[in-house]
Amino acid sequence: MPTDEDELRDLMKAGLDGDAAAHRSLLERLSRHLRAYYKSRLSRIGRSASEAEDLVQEALIAIHTRRHTYDPAEPFTPWAYAIARYKLIDHLRRTKAARADVPLEAAGEITAHEDHVDTESAIDLARLMARLPAKMRNAIQHVKLDGLSVAEAARRSGMSESAVKVSVHRGLKALSAVIGREKAS
Amino acid sequence: MKTSSLIDMLSANVETVDRRQVPRTIATAGALGAVVAIVAVLAALGGRAGLADAHAISFLAGKLVFTLALVVFALIFLGRYARPGGERRAPFGLIALPFVAVVALGLLSLLAAPRAHWQAMLVGDQWLECLLSIPVIAIVPFALVMWAVRRAAPTHLTRAGALAGLVAGSISATAYALHCVDDSVPFVALWYGGTIAFCTVAGAALGPRLLRW
């Protein structure tokens, strides 16, 4: 019987090769694990489910935009867990929580539980998008939200295809930076 | 925003990802940093004298073996620490080994020499120049390597920063060795080892601020 690790790793590898269905399936499965992980950590310091959902989404953006840092020769779960944990610690620091109150257990833990309840997060994509430079905003709008092909998006915006790809990637990273900055303020 | 809408967005038009991107970016940054450091040393300080002498050549080679071994060692570690969870895969304490080795060699060489020579062996002619040059020349390589690490995803920022400092300090020391005429092992242990360690500590201090993502 294939384990969670094997399945997730195969999905990840397929996603790295450009398989969108595998990538979607990976993110869906990870989101359930991440939700259970963040809810259990945050509930102990009296934080809400919506705050956990913010973190789920931040971790998904991080996993997506940093997926080139996964080394396929290594196990997948510890990589995903390290990102989840990093985003949790960063969140606690930015929101001035006492880190000592939140247990930060070892790897393996992250795939132990699942939570399917998709609540609304406080992240307002439309408002955050408005804060991005126009080039990045348009690239994300075309390629990621309207579902245009990169070639079509390039034609409409008068940019080269590689410039569109770079703008999408930088835009997603910039979105996650904006989310982080908003917390601190 | 619903998480399902975010997933829709992230999995629209998924691009193929270059899996060798992290090591390639770090290696490129290191190579560029080395070129800048070598040009800076040769242009500002000049190459060393006395290379007709076999003793000088073997000493230069010895210094380069030490500093280049540090560069390679630090780059391998940094390649791991630049990725999420890298701290689980590479025991950080190992980076002390090259320093312990060069200090041990320095002590042995002092013990083998008459006491009257100790001061000359430790202080050399140009200790001040060495003390200042290595950290200053390390600045550009450090900036380049930090840029490369920022494009990856370190999850232990202090250690990733320390390793970036170690890479930059060792690159700088490699370049400085092309100029330096202080040919004694205790000198290398004290001034090269000390300045490279300083770069490492400075990198550790800057890591959490500069590498956050």
# chains A, B, ... in the order shown; residues from 1 in each chain; ligands from 1
$ interface_residues --of "chain A" --to "chain B" --cutoff "8 Å" --atoms "only C-alpha atoms" --output "JSON, numbers by chain"
{"A": [15, 16, 17, 18, 19, 20, 21, 23, 24, 27, 28, 31, 53, 56, 57, 60, 61, 64, 66, 67, 68, 69, 70, 71, 72, 78, 79, 80, 81, 82, 83, 86, 118, 119, 120, 121, 122, 123, 124, 125, 143, 144, 145, 147, 149, 150, 177]}
$ residues_around --residues "region 184-196 of chain B" --least-positions-apart "4" --cutoff "6 Å" --atoms "only C-alpha atoms" --output "compact mmCIF listing (two decimals) with N, CA and C atoms, in the first residue's frame"
# COMPACT_ATOMS: atom_id res chain seq x y z
N VAL B 102 43.00 23.92 11.20
CA VAL B 102 44.06 24.89 10.90
C VAL B 102 44.68 25.43 12.20
N VAL B 103 43.88 25.56 13.25
CA VAL B 103 44.43 26.01 14.54
C VAL B 103 45.37 24.94 15.09
N GLY B 106 48.54 25.11 13.23
CA GLY B 106 49.25 26.31 13.66
C GLY B 106 49.97 26.08 14.98
N MET B 121 56.07 34.61 13.77
CA MET B 121 55.20 33.67 13.08
C MET B 121 53.73 34.06 13.20
N LEU B 122 53.36 34.60 14.35
CA LEU B 122 51.94 34.92 14.58
C LEU B 122 51.54 36.26 13.98
N GLY B 169 33.59 34.85 3.17
CA GLY B 169 34.87 35.02 3.85
C GLY B 169 35.95 34.13 3.24
$ residues_around --residues "Phe92 (chain B)" --least-positions-apart "6" --cutoff "12 Å" --atoms "only C-alpha atoms" --output "PyMOL selection string"
chain B and resi 73-74+76-78+80-81+86+156+158-160+162-163
$ select_by_dssp --residues "region 15-101 of chain A" --states "alpha helix (DSSP H)" --output "PyMOL selection string"
chain A and resi 15-16+20-43+49-65+76-94
